Structure formats: structure tokens, C-alpha cells
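J.: Next comes the structure file model_37.pdb, holding PDB, C-alpha atoms and all ligand atoms.
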MODEL        1
ATOM      1  CA  MET A  29     -33.524 -89.265-174.506  1.00  0.00           C
ATOM      2  CA  LYS A  30     -31.805 -85.913-174.149  1.00  0.00           C
ATOM      3  CA  LYS A  31     -31.060 -85.038-170.536  1.00  0.00           C
ATOM      4  CA  GLY A  32     -33.039 -82.037-169.255  1.00  0.00           C
ATOM      5  CA  LEU A  33     -31.487 -78.683-168.519  1.00  0.00           C
ATOM      6  CA  LEU A  34     -30.481 -77.556-165.075  1.00  0.00           C
ATOM      7  CA  ILE A  35     -31.774 -74.011-164.661  1.00  0.00           C
ATOM      8  CA  VAL A  36     -30.533 -71.863-161.798  1.00  0.00           C
ATOM      9  CA  TYR A  37     -33.086 -69.123-161.298  1.00  0.00           C
ATOM     10  CA  SER A  38     -32.446 -66.351-158.790  1.00  0.00           C
ATOM     11  CA  GLY A  39     -33.441 -62.846-157.919  1.00  0.00           C
ATOM     12  CA  LEU A  40     -33.815 -60.636-154.917  1.00  0.00           C
ATOM     13  CA  SER A  41     -36.450 -61.411-152.365  1.00  0.00           C
ATOM     14  CA  GLY A  42     -39.596 -59.566-153.470  1.00  0.00           C
ATOM     15  CA  VAL A  43     -38.488 -59.067-157.066  1.00  0.00           C
ATOM     16  CA  GLY A  44     -41.412 -61.089-158.417  1.00  0.00           C
ATOM     17  CA  LYS A  45     -39.460 -64.160-159.525  1.00  0.00           C
ATOM     18  CA  GLY A  46     -42.139 -66.430-158.074  1.00  0.00           C
ATOM     19  CA  THR A  47     -44.836 -64.632-160.075  1.00  0.00           C
ATOM     20  CA  ILE A  48     -42.820 -64.985-163.282  1.00  0.00           C
ATOM     21  CA  LEU A  49     -42.291 -68.662-162.560  1.00  0.00           C
ATOM     22  CA  LYS A  50     -45.997 -69.291-161.960  1.00  0.00           C
ATOM     23  CA  LYS A  51     -46.628 -68.129-165.510  1.00  0.00           C
ATOM     24  CA  LEU A  52     -43.798 -70.229-166.959  1.00  0.00           C
ATOM     25  CA  MET A  53     -44.514 -73.529-165.206  1.00  0.00           C
ATOM     26  CA  PRO A  54     -47.720 -74.387-167.123  1.00  0.00           C
ATOM     27  CA  MET A  55     -46.118 -73.716-170.550  1.00  0.00           C
ATOM     28  CA  GLU A  56     -45.866 -77.260-171.840  1.00  0.00           C
ATOM     29  CA  ASP A  57     -43.207 -76.627-174.448  1.00  0.00           C
ATOM     30  CA  LEU A  58     -40.799 -75.531-171.708  1.00  0.00           C
ATOM     31  CA  ASN A  59     -41.151 -78.946-170.061  1.00  0.00           C
ATOM     32  CA  LEU A  60     -40.254 -77.617-166.608  1.00  0.00           C
ATOM     33  CA  ALA A  61     -40.033 -79.403-163.269  1.00  0.00           C
ATOM     34  CA  TYR A  62     -39.816 -77.265-160.132  1.00  0.00           C
ATOM     35  CA  SER A  63     -37.289 -78.407-157.574  1.00  0.00           C
ATOM     36  CA  VAL A  64     -38.893 -78.159-154.128  1.00  0.00           C
ATOM     37  CA  SER A  65     -36.279 -77.044-151.597  1.00  0.00           C
ATOM     38  CA  MET A  66     -35.800 -78.019-148.018  1.00  0.00           C
ATOM     39  CA  THR A  67     -35.904 -75.201-145.475  1.00  0.00           C
ATOM     40  CA  THR A  68     -35.844 -74.550-141.758  1.00  0.00           C
ATOM     41  CA  ARG A  69     -38.005 -71.431-142.278  1.00  0.00           C
ATOM     42  CA  LYS A  70     -41.557 -71.588-140.947  1.00  0.00           C
ATOM     43  CA  PRO A  71     -44.304 -71.761-143.603  1.00  0.00           C
ATOM     44  CA  ARG A  72     -45.913 -68.469-144.608  1.00  0.00           C
ATOM     45  CA  GLU A  73     -49.669 -68.330-144.830  1.00  0.00           C
ATOM     46  CA  GLY A  74     -50.827 -70.217-147.905  1.00  0.00           C
ATOM     47  CA  GLU A  75     -47.610 -72.201-148.322  1.00  0.00           C
ATOM     48  CA  ILE A  76     -47.940 -75.962-148.482  1.00  0.00           C
ATOM     49  CA  ASP A  77     -45.482 -78.529-147.148  1.00  0.00           C
ATOM     50  CA  GLY A  78     -44.049 -80.574-149.999  1.00  0.00           C
ATOM     51  CA  VAL A  79     -45.204 -78.046-152.604  1.00  0.00           C
ATOM     52  CA  SER A  80     -43.698 -74.706-151.597  1.00  0.00           C
ATOM     53  CA  TYR A  81     -40.920 -76.251-149.528  1.00  0.00           C
ATOM     54  CA  PHE A  82     -40.192 -79.293-147.422  1.00  0.00           C
ATOM     55  CA  TYR A  83     -40.295 -77.716-143.960  1.00  0.00           C
ATOM     56  CA  VAL A  84     -37.800 -79.409-141.674  1.00  0.00           C
ATOM     57  CA  SER A  85     -36.169 -78.902-138.285  1.00  0.00           C
ATOM     58  CA  LYS A  86     -32.583 -77.718-137.992  1.00  0.00           C
ATOM     59  CA  LYS A  87     -31.622 -81.245-136.940  1.00  0.00           C
ATOM     60  CA  GLU A  88     -33.234 -82.817-140.015  1.00  0.00           C
ATOM     61  CA  PHE A  89     -31.563 -80.229-142.230  1.00  0.00           C
ATOM     62  CA  LEU A  90     -28.114 -80.922-140.788  1.00  0.00           C
ATOM     63  CA  GLU A  91     -28.671 -84.653-141.280  1.00  0.00           C
ATOM     64  CA  ALA A  92     -29.513 -84.137-144.955  1.00  0.00           C
ATOM     65  CA  VAL A  93     -26.295 -82.129-145.372  1.00  0.00           C
ATOM     66  CA  LYS A  94     -24.251 -84.767-143.573  1.00  0.00           C
ATOM     67  CA  GLU A  95     -25.682 -87.569-145.676  1.00  0.00           C
ATOM     68  CA  GLY A  96     -24.850 -85.697-148.893  1.00  0.00           C
ATOM     69  CA  LYS A  97     -28.501 -85.435-149.904  1.00  0.00           C
ATOM     70  CA  LEU A  98     -28.303 -81.792-150.988  1.00  0.00           C
ATOM     71  CA  LEU A  99     -26.955 -80.521-154.295  1.00  0.00           C
ATOM     72  CA  GLU A 100     -26.272 -77.169-152.610  1.00  0.00           C
ATOM     73  CA  HIS A 101     -27.294 -75.380-149.460  1.00  0.00           C
ATOM     74  CA  ALA A 102     -27.008 -71.941-147.919  1.00  0.00           C
ATOM     75  CA  ARG A 103     -28.101 -69.877-144.989  1.00  0.00           C
ATOM     76  CA  PHE A 104     -30.353 -66.928-145.816  1.00  0.00           C
ATOM     77  CA  VAL A 105     -31.592 -64.415-143.199  1.00  0.00           C
ATOM     78  CA  ASP A 106     -31.635 -66.746-140.166  1.00  0.00           C
ATOM     79  CA  ASN A 107     -32.757 -69.897-141.999  1.00  0.00           C
ATOM     80  CA  ASP A 108     -31.237 -72.750-143.985  1.00  0.00           C
ATOM     81  CA  TYR A 109     -32.273 -73.696-147.512  1.00  0.00           C
ATOM     82  CA  GLY A 110     -31.098 -76.547-149.714  1.00  0.00           C
ATOM     83  CA  THR A 111     -31.850 -78.464-152.918  1.00  0.00           C
ATOM     84  CA  PRO A 112     -32.538 -82.213-152.620  1.00  0.00           C
ATOM     85  CA  LYS A 113     -30.217 -83.888-155.121  1.00  0.00           C
ATOM     86  CA  ASP A 114     -32.190 -87.028-156.045  1.00  0.00           C
ATOM     87  CA  TYR A 115     -35.226 -85.262-157.462  1.00  0.00           C
ATOM     88  CA  VAL A 116     -33.101 -83.023-159.687  1.00  0.00           C
ATOM     89  CA  GLU A 117     -31.240 -85.976-161.179  1.00  0.00           C
ATOM     90  CA  LYS A 118     -34.369 -88.081-161.611  1.00  0.00           C
ATOM     91  CA  MET A 119     -36.232 -85.337-163.455  1.00  0.00           C
ATOM     92  CA  ARG A 120     -33.302 -84.426-165.677  1.00  0.00           C
ATOM     93  CA  ASN A 121     -32.882 -88.062-166.621  1.00  0.00           C
ATOM     94  CA  GLU A 122     -36.547 -88.099-167.599  1.00  0.00           C
ATOM     95  CA  GLY A 123     -35.829 -85.195-169.938  1.00  0.00           C
ATOM     96  CA  LYS A 124     -37.393 -82.482-167.758  1.00  0.00           C
ATOM     97  CA  ASN A 125     -35.805 -79.046-167.485  1.00  0.00           C
ATOM     98  CA  VAL A 126     -35.375 -78.639-163.746  1.00  0.00           C
ATOM     99  CA  ILE A 127     -35.645 -75.192-162.288  1.00  0.00           C
ATOM    100  CA  LEU A 128     -33.919 -74.301-159.015  1.00  0.00           C
ATOM    101  CA  GLU A 129     -35.253 -71.103-157.477  1.00  0.00           C
ATOM    102  CA  ILE A 130     -32.363 -70.424-155.137  1.00  0.00           C
ATOM    103  CA  GLU A 131     -30.280 -67.586-153.716  1.00  0.00           C
ATOM    104  CA  ILE A 132     -26.871 -66.577-154.996  1.00  0.00           C
ATOM    105  CA  ARG A 133     -24.491 -68.542-152.765  1.00  0.00           C
ATOM    106  CA  GLY A 134     -26.286 -71.804-153.473  1.00  0.00           C
ATOM    107  CA  ALA A 135     -26.452 -70.840-157.142  1.00  0.00           C
ATOM    108  CA  LYS A 136     -22.678 -70.441-157.238  1.00  0.00           C
ATOM    109  CA  GLN A 137     -22.198 -73.910-155.741  1.00  0.00           C
ATOM    110  CA  VAL A 138     -24.404 -75.348-158.507  1.00  0.00           C
ATOM    111  CA  MET A 139     -22.597 -73.404-161.256  1.00  0.00           C
ATOM    112  CA  GLU A 140     -19.292 -74.752-159.991  1.00  0.00           C
ATOM    113  CA  LYS A 141     -20.516 -78.348-159.865  1.00  0.00           C
ATOM    114  CA  CYS A 142     -22.430 -78.120-163.150  1.00  0.00           C
ATOM    115  CA  PRO A 143     -20.780 -75.559-165.449  1.00  0.00           C
ATOM    116  CA  ASP A 144     -23.351 -76.237-168.162  1.00  0.00           C
ATOM    117  CA  ALA A 145     -26.235 -75.044-165.950  1.00  0.00           C
ATOM    118  CA  LEU A 146     -28.324 -72.246-167.424  1.00  0.00           C
ATOM    119  CA  SER A 147     -28.389 -69.338-164.990  1.00  0.00           C
ATOM    120  CA  ILE A 148     -30.897 -66.498-164.928  1.00  0.00           C
ATOM    121  CA  TYR A 149     -31.060 -63.601-162.481  1.00  0.00           C
ATOM    122  CA  ILE A 150     -34.127 -61.352-162.108  1.00  0.00           C
ATOM    123  CA  VAL A 151     -33.504 -57.734-161.075  1.00  0.00           C
ATOM    124  CA  PRO A 152     -36.027 -55.082-159.981  1.00  0.00           C
ATOM    125  CA  PRO A 153     -36.286 -51.775-161.883  1.00  0.00           C
ATOM    126  CA  SER A 154     -34.893 -50.062-158.727  1.00  0.00           C
ATOM    127  CA  MET A 155     -34.168 -50.728-155.041  1.00  0.00           C
ATOM    128  CA  GLU A 156     -36.994 -48.369-154.031  1.00  0.00           C
ATOM    129  CA  GLU A 157     -39.420 -50.423-156.073  1.00  0.00           C
ATOM    130  CA  LEU A 158     -38.101 -53.614-154.497  1.00  0.00           C
ATOM    131  CA  GLU A 159     -38.668 -52.316-150.956  1.00  0.00           C
ATOM    132  CA  ARG A 160     -42.156 -51.186-151.931  1.00  0.00           C
ATOM    133  CA  ARG A 161     -42.971 -54.676-153.252  1.00  0.00           C
ATOM    134  CA  ILE A 162     -41.655 -56.459-150.150  1.00  0.00           C
ATOM    135  CA  ARG A 163     -43.735 -54.145-147.938  1.00  0.00           C
ATOM    136  CA  ALA A 164     -46.801 -54.621-150.126  1.00  0.00           C
ATOM    137  CA  ARG A 165     -46.497 -58.389-149.711  1.00  0.00           C
ATOM    138  CA  GLY A 166     -46.943 -57.791-145.971  1.00  0.00           C
ATOM    139  CA  THR A 167     -45.519 -61.131-144.888  1.00  0.00           C
ATOM    140  CA  GLU A 168     -42.391 -59.908-143.063  1.00  0.00           C
ATOM    141  CA  ASP A 169     -41.859 -57.784-139.964  1.00  0.00           C
ATOM    142  CA  GLU A 170     -39.796 -54.571-140.063  1.00  0.00           C
ATOM    143  CA  GLU A 171     -36.552 -56.155-138.861  1.00  0.00           C
ATOM    144  CA  THR A 172     -36.766 -58.905-141.478  1.00  0.00           C
ATOM    145  CA  ILE A 173     -37.556 -56.380-144.226  1.00  0.00           C
ATOM    146  CA  LEU A 174     -34.454 -54.357-143.330  1.00  0.00           C
ATOM    147  CA  LYS A 175     -32.308 -57.517-143.238  1.00  0.00           C
ATOM    148  CA  ARG A 176     -33.661 -58.615-146.619  1.00  0.00           C
ATOM    149  CA  MET A 177     -32.959 -55.162-148.122  1.00  0.00           C
ATOM    150  CA  SER A 178     -29.401 -55.191-146.824  1.00  0.00           C
ATOM    151  CA  LYS A 179     -28.934 -58.702-148.223  1.00  0.00           C
ATOM    152  CA  ALA A 180     -30.326 -57.467-151.539  1.00  0.00           C
ATOM    153  CA  ARG A 181     -27.723 -54.693-151.832  1.00  0.00           C
ATOM    154  CA  GLU A 182     -24.949 -57.203-151.127  1.00  0.00           C
ATOM    155  CA  GLU A 183     -26.294 -59.741-153.601  1.00  0.00           C
ATOM    156  CA  LEU A 184     -26.734 -57.271-156.465  1.00  0.00           C
ATOM    157  CA  LYS A 185     -22.966 -56.743-156.626  1.00  0.00           C
ATOM    158  CA  GLU A 186     -22.581 -60.326-157.786  1.00  0.00           C
ATOM    159  CA  VAL A 187     -25.135 -60.756-160.564  1.00  0.00           C
ATOM    160  CA  ASP A 188     -22.334 -60.976-163.118  1.00  0.00           C
ATOM    161  CA  SER A 189     -21.897 -64.639-162.195  1.00  0.00           C
ATOM    162  CA  TYR A 190     -25.160 -65.365-164.058  1.00  0.00           C
ATOM    163  CA  LYS A 191     -25.364 -65.964-167.813  1.00  0.00           C
ATOM    164  CA  HIS A 192     -28.573 -63.921-168.141  1.00  0.00           C
ATOM    165  CA  VAL A 193     -29.978 -60.936-166.223  1.00  0.00           C
ATOM    166  CA  VAL A 194     -33.639 -60.020-166.750  1.00  0.00           C
ATOM    167  CA  CYS A 195     -35.319 -56.866-165.416  1.00  0.00           C
ATOM    168  CA  ASN A 196     -38.822 -57.339-164.044  1.00  0.00           C
ATOM    169  CA  ASP A 197     -40.196 -53.920-164.927  1.00  0.00           C
ATOM    170  CA  ASP A 198     -43.134 -55.243-166.914  1.00  0.00           C
ATOM    171  CA  LEU A 199     -44.294 -58.728-165.848  1.00  0.00           C
ATOM    172  CA  ASP A 200     -45.369 -60.018-169.267  1.00  0.00           C
ATOM    173  CA  LYS A 201     -42.158 -58.830-170.901  1.00  0.00           C
ATOM    174  CA  ALA A 202     -40.042 -60.473-168.182  1.00  0.00           C
ATOM    175  CA  VAL A 203     -41.961 -63.750-168.619  1.00  0.00           C
ATOM    176  CA  GLU A 204     -41.389 -63.631-172.379  1.00  0.00           C
ATOM    177  CA  GLU A 205     -37.715 -62.895-171.945  1.00  0.00           C
ATOM    178  CA  VAL A 206     -37.105 -65.787-169.534  1.00  0.00           C
ATOM    179  CA  ARG A 207     -39.170 -68.072-171.769  1.00  0.00           C
ATOM    180  CA  ASN A 208     -37.043 -67.198-174.796  1.00  0.00           C
ATOM    181  CA  ILE A 209     -33.802 -67.770-172.896  1.00  0.00           C
ATOM    182  CA  ILE A 210     -34.959 -71.278-171.943  1.00  0.00           C
ATOM    183  CA  LEU A 211     -36.229 -72.100-175.447  1.00  0.00           C
ATOM    184  CA  GLU A 212     -32.962 -70.967-176.991  1.00  0.00           C
ATOM    185  CA  GLU A 213     -30.956 -73.177-174.638  1.00  0.00           C
ATOM    186  CA  MET A 214     -33.252 -76.146-175.333  1.00  0.00           C
ATOM    187  CA  ASN A 215     -32.648 -75.798-179.041  1.00  0.00           C
ATOM    188  CA  LYS A 216     -28.870 -75.729-178.811  1.00  0.00           C
TER
HETATM  189  P1  LIG A 301     -38.030 -67.274-149.043  1.00  0.00           P
HETATM  190  O1  LIG A 301     -37.815 -67.378-147.566  1.00  0.00           O
HETATM  191  O2  LIG A 301     -38.433 -65.867-149.452  1.00  0.00           O
HETATM  192  O3  LIG A 301     -38.984 -68.315-149.564  1.00  0.00           O
HETATM  193  O4  LIG A 301     -36.636 -67.559-149.741  1.00  0.00           O
HETATM  194  C1  LIG A 301     -35.508 -66.812-149.384  1.00  0.00           C
HETATM  195  C2  LIG A 301     -34.419 -67.023-150.404  1.00  0.00           C
HETATM  196  O5  LIG A 301     -33.964 -68.382-150.357  1.00  0.00           O
HETATM  197  C3  LIG A 301     -34.871 -66.782-151.844  1.00  0.00           C
HETATM  198  O6  LIG A 301     -33.871 -66.009-152.499  1.00  0.00           O
HETATM  199  C4  LIG A 301     -34.973 -68.167-152.418  1.00  0.00           C
HETATM  200  O7  LIG A 301     -34.731 -68.178-153.824  1.00  0.00           O
HETATM  201  C5  LIG A 301     -33.859 -68.870-151.683  1.00  0.00           C
HETATM  202  N1  LIG A 301     -33.982 -70.331-151.689  1.00  0.00           N
HETATM  203  C6  LIG A 301     -35.096 -71.088-151.730  1.00  0.00           C
HETATM  204  N2  LIG A 301     -34.786 -72.384-151.777  1.00  0.00           N
HETATM  205  C7  LIG A 301     -33.436 -72.470-151.773  1.00  0.00           C
HETATM  206  C8  LIG A 301     -32.496 -73.557-151.829  1.00  0.00           C
HETATM  207  O8  LIG A 301     -32.830 -74.734-151.904  1.00  0.00           O
HETATM  208  N3  LIG A 301     -31.187 -73.219-151.813  1.00  0.00           N
HETATM  209  C9  LIG A 301     -30.741 -71.947-151.745  1.00  0.00           C
HETATM  210  N4  LIG A 301     -29.433 -71.741-151.753  1.00  0.00           N
HETATM  211  N5  LIG A 301     -31.589 -70.909-151.701  1.00  0.00           N
HETATM  212  C10 LIG A 301     -32.912 -71.156-151.715  1.00  0.00           C
ENDMDL
END
Will you turn the file into C-alpha cells for me?
T.:
Amino acid sequence: MKKGLLIVYSGLSGVGKGTILKKLMPMEDLNLAYSVSMTTRKPREGEIDGVSYFYVSKKEFLEAVKEGKLLEHARFVDNDYGTPKDYVEKMRNEGKNVILEIEIRGAKQVMEKCPDALSIYIVPPSMEELERRIRARGTEDEETILKRMSKAREELKEVDSYKHVVCNDDLDKAVEEVRNIILEEMNK
């Protein structure tokens, strides 16, 4: 069986990458498996342990790092995030295309370790629109919003590391574009 793709999927906080992904996941021909990350961040309302993230303590996170259980990990606005390695390998060996929704520093670690990874970065139509979307989500306090916006400006300077950059101006178009990128890679 052909080994599944490793897809690094990133975009600024609030850009709508989660919404795009929700539309892609049920598309059977894409054969996707979502890699659930480990994080020290507290769950937001509606998030489910083991589905959205594995919520762990700082101590548990550091143990996972020490034991080499993470494919990559990074700190993002006061919290740690990382990708459990075993699940990714297991799914790829079963022929699934595994999607890692991760931030840029972790993404770079993965690209270095696995140069054949497919990488996609979602950008907003503008920074003003991004801030509006983060505020509309209403899940972060003012200080966190400002930190996330400052992080966003920093991160945008580095999108060139990704093979594909997709603008989420129109949701359906962005979904179609990401879908086509994955299909093309699958057919190589
Ligand atoms: P949030 O707190 O909004 O869920 O996620 C914050 C950022 O962390 C997002 O850019 C998200 O893609 C990223 N992230 C989520 N899981 C991981 C992970 O396992 N590793 C890394 N490096 N970043 C992650």
C-alpha cells in the first residue's frame, strides 16, 4: 500500500483554517486523518479532550518531549503545542493522508525532518480582516488578541517556507484550492 501524505497545514490564528478543514475532512477521496495535538492550553468552550487537543499539564508535556514522543513542538502565546509521533506514522502506514494543523516553527521542524511533506499556508485577505475575525470569535481577551496579532505579523514574513499559499477571501474557493493541491499531490 502506498504510504499516506504528510500534510503541514498552517495559517494565522483566526484566518479560518479550521473552518476550511472542517469542510475537507469529510471528503472521502482525500482520505484524510487529523493529527490531534497535545497542548498545555486550557480548553475553549466547545472543545473536547482527545478530539480538539489532548489537554495536558506542563509536566506531562515536558515528559512527552523528553521521551521523544513528539514529531515537533513549539511554544505559542504562553502555551506549548506538539504533534504525537506514533499516530502520524500509524495513519500514514495505513495509507491515510495525515494533516497537521500547526504553527510555523513546528511546521519548519517537520519540513526539515520530512522534506517530502506537503505544506500549505492559509493567509487572510488583509490584517484588518484578520483582527476583525479574531474579535468576532470572541474567545480571547484583549491582551491575548494583541499578542496573537503581533505574532501574526511576525509569522507572515516567513510564509515562503511553504510550498503553497492560499488566500481565504472566499471560503468555498479556498476549500476548493486546498482540495486541488492535495489531490494533485496524491496523484503524483
Ligand atoms: P489555538 O490555541 O488557536 O488552538 O492554536 C494556536 C496555534 O497553535 C495555531 O496556529 C495552531 O495551528 C498551532 N498548533 C496547534 N497544534 C499544534 C502542534 O501540535 N504543534 C505546533 N507547532 N503548533 C500547533
J.: Run the PyMOL selection byres (((chain A and resi 143-150) around 9) and not hetatm) mentally over the shown coordinates, then write out the matched residues as a tab-separated table (two decimals) with C-alpha atoms, in the coordinates of the input, using the chain letters and numbers from the document.
T.:
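Printed below is out-v4.tsv as written:
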chain	number	residue	atom	x	y	z
A	33	LEU	CA	-31.49	-78.68	-168.52
A	34	LEU	CA	-30.48	-77.56	-165.08
A	35	ILE	CA	-31.77	-74.01	-164.66
A	36	VAL	CA	-30.53	-71.86	-161.80
A	37	TYR	CA	-33.09	-69.12	-161.30
A	38	SER	CA	-32.45	-66.35	-158.79
A	39	GLY	CA	-33.44	-62.85	-157.92
A	40	LEU	CA	-33.82	-60.64	-154.92
A	43	VAL	CA	-38.49	-59.07	-157.07
A	44	GLY	CA	-41.41	-61.09	-158.42
A	45	LYS	CA	-39.46	-64.16	-159.52
A	135	ALA	CA	-26.45	-70.84	-157.14
A	138	VAL	CA	-24.40	-75.35	-158.51
A	139	MET	CA	-22.60	-73.40	-161.26
A	140	GLU	CA	-19.29	-74.75	-159.99
A	141	LYS	CA	-20.52	-78.35	-159.86
A	142	CYS	CA	-22.43	-78.12	-163.15
A	151	VAL	CA	-33.50	-57.73	-161.07
A	152	PRO	CA	-36.03	-55.08	-159.98
A	187	VAL	CA	-25.14	-60.76	-160.56
A	189	SER	CA	-21.90	-64.64	-162.20
A	190	TYR	CA	-25.16	-65.36	-164.06
A	191	LYS	CA	-25.36	-65.96	-167.81
A	192	HIS	CA	-28.57	-63.92	-168.14
A	193	VAL	CA	-29.98	-60.94	-166.22
A	194	VAL	CA	-33.64	-60.02	-166.75
A	195	CYS	CA	-35.32	-56.87	-165.42
A	196	ASN	CA	-38.82	-57.34	-164.04
A	202	ALA	CA	-40.04	-60.47	-168.18
A	206	VAL	CA	-37.10	-65.79	-169.53
A	209	ILE	CA	-33.80	-67.77	-172.90
A	210	ILE	CA	-34.96	-71.28	-171.94
A	213	GLU	CA	-30.96	-73.18	-174.64
J.: Distance limit 10 Å, reference ligand LIG 301 (chain A), atoms considered: all atoms listed in the file. Which residues make the cut? Give them as an MDAnalysis selection string.
T.: chainID A and resid 36:43 45:46 63:72 75 80:82 98:112 128:138 162 167:168 176 179:180 183
J.: Which distance in Å separates CA of Thr47 (chain A) and CA of Glu88 (chain A), to one decimal?
T.: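 So the two atoms, CA of Thr47 (chain A) and CA of Glu88 (chain A), lie 29.5 Å apart.
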J.: Restricting the calculation to only C-alpha atoms, which member of A:Glu73, A:Leu49, A:Glu186, A:Ala61 is positioned closest to Gly166 (chain A)?
T.: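 The answer is A:Glu73, which sits nearest to Gly166 (chain A).
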J.: How far is it from CA of Asp169 (chain A) to CA of Leu52 (chain A), in Å with one decimal?
T.: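 CA of Leu52 (chain A) lies at a distance of 29.8 Å from CA of Asp169 (chain A).
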J.: Suppose you want the space between CA of Tyr115 (chain A) and CA of Val93 (chain A); what is it in Å?
T.: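 CA of Tyr115 (chain A) sits 15.4 Å away from CA of Val93 (chain A).
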J.: So which one's closest to Asn59 (chain A), A:Glu205, A:Glu157, A:Val126, A:Leu90? Using all atoms listed in the file, please.
T.: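 Using all atoms listed in the file, Asn59 (chain A) sits closest to A:Val126.
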J.: Could you check which of A:Lys94, A:Lys124, A:Lys113, A:Lys216 is closest to Glu56 (chain A), using all atoms listed in the file?
T.: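 Comparing A:Lys94, A:Lys124, A:Lys113, A:Lys216 against Glu56 (chain A), the winner is A:Lys124.
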J.: Here is a test: counting all atoms listed in the file, which residue of A:Glu156, A:Phe89, A:Lys30, A:Leu58 is nearest to Leu211 (chain A)?
T.: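 With all atoms listed in the file as the atom set, the closest residue is A:Leu58.
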J.: Reconstruct N, CA and C atoms of region 178-191 of chain A; output as a CSV table (one decimal), keeping the file's coordinate frame.
T.:
chain,number,residue,atom,x,y,z
A,178,SER,N,-30.9,-55.3,-146.9
A,178,SER,CA,-29.4,-55.2,-146.8
A,178,SER,C,-28.8,-56.4,-147.6
A,179,LYS,N,-29.4,-57.5,-147.5
A,179,LYS,CA,-28.9,-58.7,-148.2
A,179,LYS,C,-29.0,-58.4,-149.7
A,180,ALA,N,-30.1,-57.8,-150.1
A,180,ALA,CA,-30.3,-57.5,-151.5
A,180,ALA,C,-29.2,-56.6,-152.1
A,181,ARG,N,-28.8,-55.6,-151.3
A,181,ARG,CA,-27.7,-54.7,-151.8
A,181,ARG,C,-26.4,-55.5,-152.0
A,182,GLU,N,-26.2,-56.4,-151.1
A,182,GLU,CA,-24.9,-57.2,-151.1
A,182,GLU,C,-25.0,-58.1,-152.4
A,183,GLU,N,-26.1,-58.7,-152.5
A,183,GLU,CA,-26.3,-59.7,-153.6
A,183,GLU,C,-26.2,-59.1,-155.0
A,184,LEU,N,-26.7,-57.9,-155.1
A,184,LEU,CA,-26.7,-57.3,-156.5
A,184,LEU,C,-25.3,-57.1,-157.0
A,185,LYS,N,-24.3,-57.0,-156.1
A,185,LYS,CA,-23.0,-56.7,-156.6
A,185,LYS,C,-22.4,-57.9,-157.4
A,186,GLU,N,-23.1,-59.1,-157.2
A,186,GLU,CA,-22.6,-60.3,-157.8
A,186,GLU,C,-23.4,-60.9,-158.9
A,187,VAL,N,-24.3,-60.2,-159.5
A,187,VAL,CA,-25.1,-60.8,-160.6
A,187,VAL,C,-24.4,-61.2,-161.8
A,188,ASP,N,-23.1,-60.6,-161.9
A,188,ASP,CA,-22.3,-61.0,-163.1
A,188,ASP,C,-22.0,-62.5,-163.2
A,189,SER,N,-22.2,-63.2,-162.1
A,189,SER,CA,-21.9,-64.6,-162.2
A,189,SER,C,-22.9,-65.4,-163.0
A,190,TYR,N,-24.1,-64.7,-163.3
A,190,TYR,CA,-25.2,-65.4,-164.1
A,190,TYR,C,-25.0,-65.1,-165.6
A,191,LYS,N,-25.5,-66.1,-166.4
A,191,LYS,CA,-25.4,-66.0,-167.8
A,191,LYS,C,-26.4,-64.9,-168.3
